[in-house]
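Heads up, my_file-v4.csv below (CSV, C-alpha atoms):
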```csv
chain,number,residue,atom,x,y,z
A,5,MET,CA,112.7,108.0,89.6
A,6,PRO,CA,114.9,104.9,90.4
A,7,PRO,CA,115.0,104.0,94.1
A,8,MET,CA,118.8,104.5,94.3
A,9,GLU,CA,118.5,107.9,92.8
A,10,ALA,CA,115.8,108.7,95.3
A,11,LEU,CA,118.0,107.5,98.1
A,12,LEU,CA,120.9,109.8,96.9
A,13,ASN,CA,118.5,112.7,96.5
A,14,THR,CA,117.4,112.2,100.1
A,15,VAL,CA,120.7,111.5,101.8
A,16,LEU,CA,123.2,113.7,100.1
A,17,PRO,CA,121.5,117.0,101.0
A,18,VAL,CA,121.4,115.8,104.6
A,19,GLY,CA,125.1,115.0,104.4
A,20,LEU,CA,125.9,118.4,103.0
A,21,VAL,CA,124.3,120.2,106.0
A,22,VAL,CA,126.0,117.9,108.5
A,23,LEU,CA,129.4,118.4,106.8
A,24,SER,CA,128.8,122.2,107.0
A,25,GLY,CA,128.2,122.0,110.7
A,26,TYR,CA,131.2,119.8,111.2
A,27,LEU,CA,133.5,122.3,109.4
A,28,LEU,CA,132.0,125.2,111.3
A,29,GLY,CA,132.5,123.4,114.6
A,30,ARG,CA,136.2,122.8,113.8
A,31,GLN,CA,136.7,126.5,113.3
A,32,VAL,CA,134.3,128.3,115.7
A,33,GLU,CA,133.4,127.6,119.3
A,34,MET,CA,129.6,127.3,119.5
A,35,ASP,CA,127.3,126.8,122.4
A,36,LEU,CA,125.6,123.5,121.5
A,37,THR,CA,123.5,123.4,124.7
A,38,THR,CA,121.7,126.6,123.7
A,39,LEU,CA,121.3,125.4,120.1
A,40,SER,CA,119.9,122.0,121.1
A,41,ARG,CA,117.4,123.6,123.6
A,42,LEU,CA,116.3,126.1,121.0
A,43,THR,CA,115.6,123.2,118.7
A,44,LEU,CA,114.0,121.0,121.3
A,45,TYR,CA,111.7,123.6,123.0
A,46,LEU,CA,110.7,125.7,120.0
A,47,LEU,CA,111.7,124.6,116.5
A,48,VAL,CA,110.9,120.9,116.8
A,49,PRO,CA,107.5,121.5,118.5
A,50,ALA,CA,106.7,123.8,115.6
A,51,LEU,CA,107.8,121.1,113.1
A,52,ILE,CA,105.7,118.4,114.8
A,53,PHE,CA,102.6,120.6,115.1
A,54,ASP,CA,102.9,121.5,111.4
A,55,ALA,CA,103.4,117.9,110.4
A,56,MET,CA,100.4,116.6,112.4
A,57,TYR,CA,98.2,119.6,111.4
A,58,ARG,CA,98.9,119.1,107.7
A,59,ALA,CA,99.0,115.3,107.6
A,60,GLU,CA,96.8,113.6,105.0
A,61,PHE,CA,96.6,109.8,105.6
A,62,SER,CA,94.9,106.8,104.3
A,63,ARG,CA,92.1,105.7,106.5
A,64,GLU,CA,92.0,102.3,104.8
A,65,GLY,CA,95.6,101.6,105.9
A,66,LEU,CA,95.3,103.1,109.4
A,67,LEU,CA,94.3,100.0,111.4
A,68,GLY,CA,96.6,97.5,109.7
A,69,LEU,CA,99.6,99.8,109.8
A,70,SER,CA,99.0,100.8,113.4
A,71,LEU,CA,98.8,97.2,114.5
A,72,GLY,CA,101.9,96.3,112.4
A,73,PHE,CA,103.8,99.2,113.8
A,74,ALA,CA,103.0,98.2,117.4
A,75,LEU,CA,104.0,94.6,116.9
A,76,THR,CA,107.2,95.6,115.1
A,77,TYR,CA,108.1,97.9,118.0
A,78,ILE,CA,107.4,95.2,120.6
A,79,GLY,CA,109.4,92.6,118.7
A,80,LEU,CA,112.3,95.0,118.2
A,81,TYR,CA,112.4,96.1,121.8
A,82,LEU,CA,112.4,92.5,123.0
A,83,SER,CA,115.3,91.8,120.6
A,84,ILE,CA,117.2,94.8,122.0
A,85,LEU,CA,116.7,93.6,125.6
A,86,LEU,CA,118.0,90.2,124.6
A,87,ALA,CA,121.0,91.6,122.7
A,88,SER,CA,121.8,93.9,125.7
A,89,ARG,CA,121.9,90.9,128.1
A,90,LEU,CA,123.9,88.7,125.8
A,91,LEU,CA,126.5,91.5,125.3
A,92,ARG,CA,126.3,92.4,129.0
A,93,LEU,CA,125.8,96.0,128.4
A,94,SER,CA,125.6,98.6,131.2
A,95,PRO,CA,122.1,100.1,131.8
A,96,ARG,CA,123.3,103.4,130.3
A,97,THR,CA,124.7,101.8,127.1
A,98,ALA,CA,121.7,99.5,126.8
A,99,LYS,CA,119.3,102.5,126.9
A,100,SER,CA,121.4,104.4,124.3
A,101,LEU,CA,121.2,101.2,122.1
A,102,ALA,CA,117.5,101.1,122.5
A,103,VAL,CA,117.1,104.8,121.5
A,104,CYS,CA,119.2,104.3,118.3
A,105,SER,CA,117.2,101.1,117.4
A,106,LEU,CA,113.7,102.3,118.2
A,107,PHE,CA,113.8,105.8,116.7
A,108,PRO,CA,113.9,105.6,112.9
A,109,ASN,CA,114.3,108.5,110.4
A,110,SER,CA,110.7,108.0,109.2
A,111,GLY,CA,110.2,111.7,108.5
A,112,ASN,CA,112.4,113.5,106.1
A,113,MET,CA,114.1,110.3,104.8
A,114,GLY,CA,111.3,107.8,105.2
A,115,LEU,CA,108.6,109.9,103.6
A,116,SER,CA,110.8,111.0,100.7
A,117,LEU,CA,112.0,107.5,99.9
A,118,THR,CA,108.5,106.0,100.2
A,119,PHE,CA,107.1,108.6,97.8
A,120,PHE,CA,109.8,108.0,95.2
A,121,ALA,CA,109.6,104.2,95.6
A,122,LEU,CA,105.9,103.6,96.1
A,123,GLY,CA,104.2,106.8,94.8
A,124,GLU,CA,101.4,109.0,96.3
A,125,ALA,CA,99.4,106.0,97.6
A,126,GLY,CA,102.5,104.8,99.5
A,127,LEU,CA,103.2,108.3,100.9
A,128,LEU,CA,99.7,108.5,102.4
A,129,ARG,CA,100.3,105.3,104.3
A,130,ALA,CA,103.8,106.3,105.2
A,131,VAL,CA,102.4,109.3,107.0
A,132,VAL,CA,100.5,107.0,109.3
A,133,TYR,CA,103.8,105.3,110.3
A,134,PHE,CA,105.5,108.7,110.7
A,135,ILE,CA,102.7,109.9,113.1
A,136,LEU,CA,102.9,106.8,115.2
A,137,SER,CA,106.7,107.0,115.3
A,138,SER,CA,106.5,110.7,116.3
A,139,VAL,CA,104.1,109.8,119.2
A,140,VAL,CA,106.5,107.2,120.5
A,141,MET,CA,109.6,109.4,120.0
A,142,PHE,CA,108.3,112.7,121.4
A,143,GLY,CA,105.5,111.4,123.7
A,144,LEU,CA,107.4,108.6,125.4
A,145,GLY,CA,111.0,109.1,124.4
A,146,PRO,CA,112.0,111.9,126.8
A,147,ALA,CA,110.7,110.1,129.8
A,148,PHE,CA,112.3,106.8,128.7
A,149,ILE,CA,115.7,108.4,128.2
A,150,ARG,CA,115.6,110.5,131.4
A,151,GLY,CA,114.6,107.5,133.5
A,152,GLY,CA,112.7,107.4,136.8
A,153,GLY,CA,109.4,105.9,137.8
A,154,LEU,CA,106.3,105.8,135.6
A,155,LEU,CA,104.5,108.7,137.3
A,156,GLU,CA,107.7,110.8,137.4
A,157,GLY,CA,108.3,110.1,133.7
A,158,LEU,CA,104.7,111.0,132.9
A,159,ARG,CA,104.9,114.3,134.8
A,160,PHE,CA,108.2,115.1,133.0
A,161,THR,CA,106.7,114.4,129.6
A,162,LEU,CA,103.7,116.6,130.3
A,163,ARG,CA,106.0,119.5,131.0
A,164,LEU,CA,107.5,119.3,127.5
A,165,PRO,CA,106.1,121.4,124.6
A,166,LEU,CA,106.7,118.4,122.3
A,167,PHE,CA,103.8,116.5,123.8
A,168,TYR,CA,101.4,119.5,123.5
A,169,ALA,CA,102.5,120.2,119.9
A,170,LEU,CA,101.7,116.6,119.0
A,171,PHE,CA,98.3,116.6,120.8
A,172,LEU,CA,97.2,120.0,119.5
A,173,GLY,CA,98.2,119.3,115.9
A,174,LEU,CA,96.4,116.0,115.8
A,175,LEU,CA,93.3,117.6,117.6
A,176,LEU,CA,93.0,120.5,115.2
A,177,LYS,CA,93.5,118.1,112.3
A,178,GLY,CA,90.9,115.7,113.6
A,179,LEU,CA,88.3,118.5,114.2
A,180,GLY,CA,89.1,120.3,110.9
A,181,VAL,CA,89.8,123.6,112.7
A,182,GLY,CA,91.8,126.1,110.7
A,183,LEU,CA,94.1,128.8,112.3
A,184,PRO,CA,93.1,132.4,111.5
A,185,PHE,CA,95.3,135.1,109.9
A,186,ARG,CA,97.6,132.4,108.4
A,187,LEU,CA,99.2,131.7,111.8
A,188,ASP,CA,99.8,128.1,110.5
A,189,GLU,CA,102.3,129.7,108.0
A,190,GLY,CA,104.2,131.3,110.9
A,191,VAL,CA,104.4,127.9,112.7
A,192,ARG,CA,105.5,126.2,109.5
A,193,LEU,CA,108.2,128.8,109.0
A,194,MET,CA,109.6,128.0,112.5
A,195,GLY,CA,109.3,124.3,111.9
A,196,GLN,CA,111.2,124.5,108.6
A,197,ALA,CA,114.2,125.8,110.6
A,198,ALA,CA,114.3,122.7,112.9
A,199,ILE,CA,115.9,120.2,110.5
A,200,PRO,CA,118.8,122.3,109.3
A,201,VAL,CA,119.6,123.6,112.8
A,202,LEU,CA,119.4,120.1,114.1
A,203,LEU,CA,121.7,118.7,111.4
A,204,LEU,CA,124.2,121.6,111.9
A,205,THR,CA,124.2,120.8,115.6
A,206,LEU,CA,124.8,117.2,114.8
A,207,GLY,CA,127.8,118.1,112.6
A,208,MET,CA,129.2,120.4,115.3
A,209,GLN,CA,128.9,117.6,117.9
A,210,MET,CA,130.8,115.3,115.5
A,211,ALA,CA,133.5,118.0,115.3
A,212,ARG,CA,134.0,117.7,119.1
A,213,THR,CA,133.8,113.9,119.1
A,214,PRO,CA,136.7,111.6,118.0
A,215,PHE,CA,135.0,109.7,115.1
A,216,GLN,CA,135.3,105.9,115.5
A,217,VAL,CA,133.2,103.0,114.3
A,218,GLY,CA,133.1,100.6,117.2
A,219,ALA,CA,130.9,97.7,118.3
A,220,PHE,CA,128.2,100.0,119.6
A,221,GLU,CA,127.8,101.9,116.3
A,222,LEU,CA,127.7,98.8,114.2
A,223,THR,CA,125.3,97.0,116.5
A,224,ALA,CA,123.0,100.0,116.6
A,225,SER,CA,123.1,100.3,112.8
A,226,GLY,CA,122.5,96.5,112.4
A,227,LEU,CA,119.5,96.5,114.6
A,228,ARG,CA,118.1,99.7,112.9
A,229,LEU,CA,118.8,98.8,109.3
A,230,LEU,CA,118.6,95.0,109.2
A,231,LEU,CA,116.7,93.6,112.2
A,232,ALA,CA,113.9,96.2,112.2
A,233,PRO,CA,112.8,95.6,108.6
A,234,LEU,CA,113.1,91.9,109.0
A,235,VAL,CA,110.8,92.0,112.1
A,236,ALA,CA,108.4,94.3,110.1
A,237,TYR,CA,108.4,91.9,107.2
A,238,GLY,CA,107.5,89.0,109.5
A,239,VAL,CA,104.8,91.0,111.2
A,240,GLY,CA,103.3,92.0,107.9
A,241,LEU,CA,103.2,88.3,106.8
A,242,LEU,CA,101.7,87.3,110.2
A,243,LEU,CA,98.9,90.0,109.9
A,244,GLY,CA,98.3,89.3,106.2
A,245,LEU,CA,98.7,93.0,105.4
A,246,PRO,CA,97.8,94.1,101.9
A,247,LYS,CA,100.9,94.5,99.6
A,248,LEU,CA,101.2,98.3,99.8
A,249,GLU,CA,100.7,98.5,103.6
A,250,HIS,CA,103.3,95.7,104.0
A,251,GLN,CA,105.8,97.5,101.7
A,252,VAL,CA,105.4,100.7,103.6
A,253,LEU,CA,105.7,99.1,107.0
A,254,VAL,CA,109.0,97.4,106.0
A,255,LEU,CA,110.5,100.4,104.2
A,256,GLN,CA,109.7,102.9,107.0
A,257,SER,CA,111.2,100.4,109.5
A,258,ALA,CA,114.4,100.2,107.5
A,259,THR,CA,115.4,103.8,107.7
A,260,PRO,CA,118.6,104.8,109.7
A,261,VAL,CA,118.7,106.3,113.2
A,262,ALA,CA,116.7,109.5,113.5
A,263,VAL,CA,118.6,112.7,114.0
A,264,ASN,CA,116.1,113.5,116.7
A,265,ALA,CA,117.5,110.6,118.7
A,266,PHE,CA,120.7,112.6,119.0
A,267,LEU,CA,118.7,115.7,120.1
A,268,LEU,CA,116.8,113.9,122.8
A,269,THR,CA,119.9,112.0,124.2
A,270,ARG,CA,121.9,115.2,124.2
A,271,GLU,CA,119.2,117.0,126.2
A,272,PHE,CA,118.1,114.3,128.6
A,273,GLY,CA,121.4,112.7,129.8
A,274,GLN,CA,122.4,109.7,127.7
A,275,ASP,CA,125.5,109.2,125.6
A,276,ALA,CA,125.0,111.8,122.9
A,277,ALA,CA,128.4,111.2,121.3
A,278,ARG,CA,127.7,107.5,120.6
A,279,VAL,CA,124.2,108.3,119.3
A,280,ALA,CA,125.6,111.0,117.1
A,281,ARG,CA,128.1,108.6,115.6
A,282,SER,CA,125.3,106.0,115.2
A,283,VAL,CA,123.2,108.5,113.2
A,284,VAL,CA,126.1,109.1,110.8
A,285,VAL,CA,127.2,105.5,110.5
A,286,SER,CA,123.7,104.2,110.0
A,287,THR,CA,122.9,106.8,107.4
A,288,PHE,CA,126.0,105.9,105.4
A,289,LEU,CA,125.3,102.2,105.7
A,290,ALA,CA,121.7,102.8,104.5
A,291,PHE,CA,123.2,103.1,101.0
A,292,LEU,CA,124.0,99.4,101.2
A,293,THR,CA,121.0,98.1,103.1
A,294,LEU,CA,118.0,100.1,101.6
A,295,PRO,CA,118.5,98.7,98.1
A,296,LEU,CA,118.3,95.2,99.6
A,297,VAL,CA,115.1,96.2,101.5
A,298,LEU,CA,113.6,97.6,98.3
A,299,PHE,CA,114.4,94.3,96.5
A,300,LEU,CA,112.9,92.4,99.4
A,301,ILE,CA,109.5,94.2,99.1
A,302,GLY,CA,109.4,94.0,95.3
A,303,VAL,CA,110.5,97.5,94.3
A,304,ARG,CA,112.9,97.3,91.3
```

Before anything else, please render the file you have as structure tokens.
Amino acid sequence: MPPMEALLNTVLPVGLVVLSGYLLGRQVEMDLTTLSRLTLYLLVPALIFDAMYRAEFSREGLLGLSLGFALTYIGLYLSILLASRLLRLSPRTAKSLAVCSLFPNSGNMGLSLTFFALGEAGLLRAVVYFILSSVVMFGLGPAFIRGGGLLEGLRFTLRLPLFYALFLGLLLKGLGVGLPFRLDEGVRLMGQAAIPVLLLTLGMQMARTPFQVGAFELTASGLRLLLAPLVAYGVGLLLGLPKLEHQVLVLQSATPVAVNAFLLTREFGQDAARVARSVVVSTFLAFLTLPLVLFLIGVR
């Protein structure tokens, strides 16, 4: 399947669900706080557990991709700090910009696009990136967004089911332990509800927010779609990664702002409206930037 067709097949179904939520939100008053908490405390933990429990990854690419991921995140975070100081952003705005830039849609979009562009071997390596990204997003993200000291942030994170879902899923996977009575199917069924409910909530949030594309949304999209893959490309060259690992690192780093970034900011006190707009804007702009990234990594 051509990469552009793969991109359309990945993005347009997402757009349909967001649009449905937007139209519903224009007509019906919905309690978004209850929906977001249902998603955060039950559905997303089920999704994360299921993803970790079922993950099949390439052990050959694990070390190189992990190091590449870490260096890419460090480089991107330092770039965000520099941009925030140059633009003289408030601490609240700078944190929202960091959330948009550091949390990529490496799951439903990244895995699908990698599979269509690089095949089964690429997908196995992309899962490694997705797991690492999930650990950062759900393990450290809530404490980072909420703020406070290191110990307070750690205690806060340890109270969230997201952390335990990640840990338990990876532990059972590593030990090769199976759940009895097909309980894993029940967890998977709950997890499958997470993405559509989350996308509908995003659409309903957009219905309540005057849509505008300002400097914040464009800056967040530029950092996420352009700077992140360029940093990843440089890191891959620096580490001398094999071609496939290098391609996966760059492609996964080039995905738009994760929908879960909106979920976390809405629950833990940052600017959910700006993040919601950044999710939508970066997803649309990905139609322009991802073909360039695919060309850069040699996918025609």

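Between Lys247 of chain A and the candidates A:Leu144, A:Ala169, A:Leu183, A:Ala125, the tightest atom-to-atom separation, counting all atoms listed in the file, involves A:Ala125.
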
Just want the 12 Å neighbourhood of Ala236 of chain A, counted on only C-alpha atoms, with same-chain residues fewer than 2 positions away dropped. Output as a PDB file with C-alpha atoms, keeping the file's coordinate frame.
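Result file around-v6.pdb:
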```pdb
ATOM      1  CA  LEU A  69      99.600  99.800 109.800  1.00  0.00           C
ATOM      2  CA  SER A  70      99.000 100.800 113.400  1.00  0.00           C
ATOM      3  CA  LEU A  71      98.800  97.200 114.500  1.00  0.00           C
ATOM      4  CA  GLY A  72     101.900  96.300 112.400  1.00  0.00           C
ATOM      5  CA  PHE A  73     103.800  99.200 113.800  1.00  0.00           C
ATOM      6  CA  ALA A  74     103.000  98.200 117.400  1.00  0.00           C
ATOM      7  CA  LEU A  75     104.000  94.600 116.900  1.00  0.00           C
ATOM      8  CA  THR A  76     107.200  95.600 115.100  1.00  0.00           C
ATOM      9  CA  TYR A  77     108.100  97.900 118.000  1.00  0.00           C
ATOM     10  CA  ILE A  78     107.400  95.200 120.600  1.00  0.00           C
ATOM     11  CA  GLY A  79     109.400  92.600 118.700  1.00  0.00           C
ATOM     12  CA  LEU A  80     112.300  95.000 118.200  1.00  0.00           C
ATOM     13  CA  TYR A 133     103.800 105.300 110.300  1.00  0.00           C
ATOM     14  CA  ARG A 228     118.100  99.700 112.900  1.00  0.00           C
ATOM     15  CA  LEU A 229     118.800  98.800 109.300  1.00  0.00           C
ATOM     16  CA  LEU A 230     118.600  95.000 109.200  1.00  0.00           C
ATOM     17  CA  LEU A 231     116.700  93.600 112.200  1.00  0.00           C
ATOM     18  CA  ALA A 232     113.900  96.200 112.200  1.00  0.00           C
ATOM     19  CA  PRO A 233     112.800  95.600 108.600  1.00  0.00           C
ATOM     20  CA  LEU A 234     113.100  91.900 109.000  1.00  0.00           C
ATOM     21  CA  GLY A 238     107.500  89.000 109.500  1.00  0.00           C
ATOM     22  CA  VAL A 239     104.800  91.000 111.200  1.00  0.00           C
ATOM     23  CA  GLY A 240     103.300  92.000 107.900  1.00  0.00           C
ATOM     24  CA  LEU A 241     103.200  88.300 106.800  1.00  0.00           C
ATOM     25  CA  LEU A 242     101.700  87.300 110.200  1.00  0.00           C
ATOM     26  CA  LEU A 243      98.900  90.000 109.900  1.00  0.00           C
ATOM     27  CA  GLY A 244      98.300  89.300 106.200  1.00  0.00           C
ATOM     28  CA  LEU A 245      98.700  93.000 105.400  1.00  0.00           C
ATOM     29  CA  GLU A 249     100.700  98.500 103.600  1.00  0.00           C
ATOM     30  CA  HIS A 250     103.300  95.700 104.000  1.00  0.00           C
ATOM     31  CA  GLN A 251     105.800  97.500 101.700  1.00  0.00           C
ATOM     32  CA  VAL A 252     105.400 100.700 103.600  1.00  0.00           C
ATOM     33  CA  LEU A 253     105.700  99.100 107.000  1.00  0.00           C
ATOM     34  CA  VAL A 254     109.000  97.400 106.000  1.00  0.00           C
ATOM     35  CA  LEU A 255     110.500 100.400 104.200  1.00  0.00           C
ATOM     36  CA  GLN A 256     109.700 102.900 107.000  1.00  0.00           C
ATOM     37  CA  SER A 257     111.200 100.400 109.500  1.00  0.00           C
ATOM     38  CA  ALA A 258     114.400 100.200 107.500  1.00  0.00           C
ATOM     39  CA  VAL A 297     115.100  96.200 101.500  1.00  0.00           C
ATOM     40  CA  LEU A 300     112.900  92.400  99.400  1.00  0.00           C
ATOM     41  CA  ILE A 301     109.500  94.200  99.100  1.00  0.00           C
TER      42      ILE A 301
END
```

May I ask which of the residues A:Val201, A:Leu166, A:Ala130, A:Cys104 is the closest one to Thr38 of chain A, counting all atoms listed in the file?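 Ranked by minimum distance to Thr38 of chain A, first place goes to A:Val201.
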
Correct to one decimal, the distance atom CA of Leu39 of chain A-atom CA of Lys99 of chain A is 24.0 Å

As a PDB file with C-alpha atoms, in the frame of the given file, please: the residues near Val48 of chain A (cut-off 8 Å, only C-alpha atoms, same-chain neighbours under 4 positions excluded).
```
ATOM      1  CA  THR A  43     115.600 123.200 118.700  1.00  0.00           C
ATOM      2  CA  LEU A  44     114.000 121.000 121.300  1.00  0.00           C
ATOM      3  CA  ILE A  52     105.700 118.400 114.800  1.00  0.00           C
ATOM      4  CA  LEU A 166     106.700 118.400 122.300  1.00  0.00           C
ATOM      5  CA  GLY A 195     109.300 124.300 111.900  1.00  0.00           C
ATOM      6  CA  ALA A 198     114.300 122.700 112.900  1.00  0.00           C
TER       7      ALA A 198
END
```

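When all atoms listed in the file are used to measure the gap to Pro200 of chain A, the shortest distance among A:Val263, A:Val303, A:Val283, A:Leu292 belongs to A:Val263.
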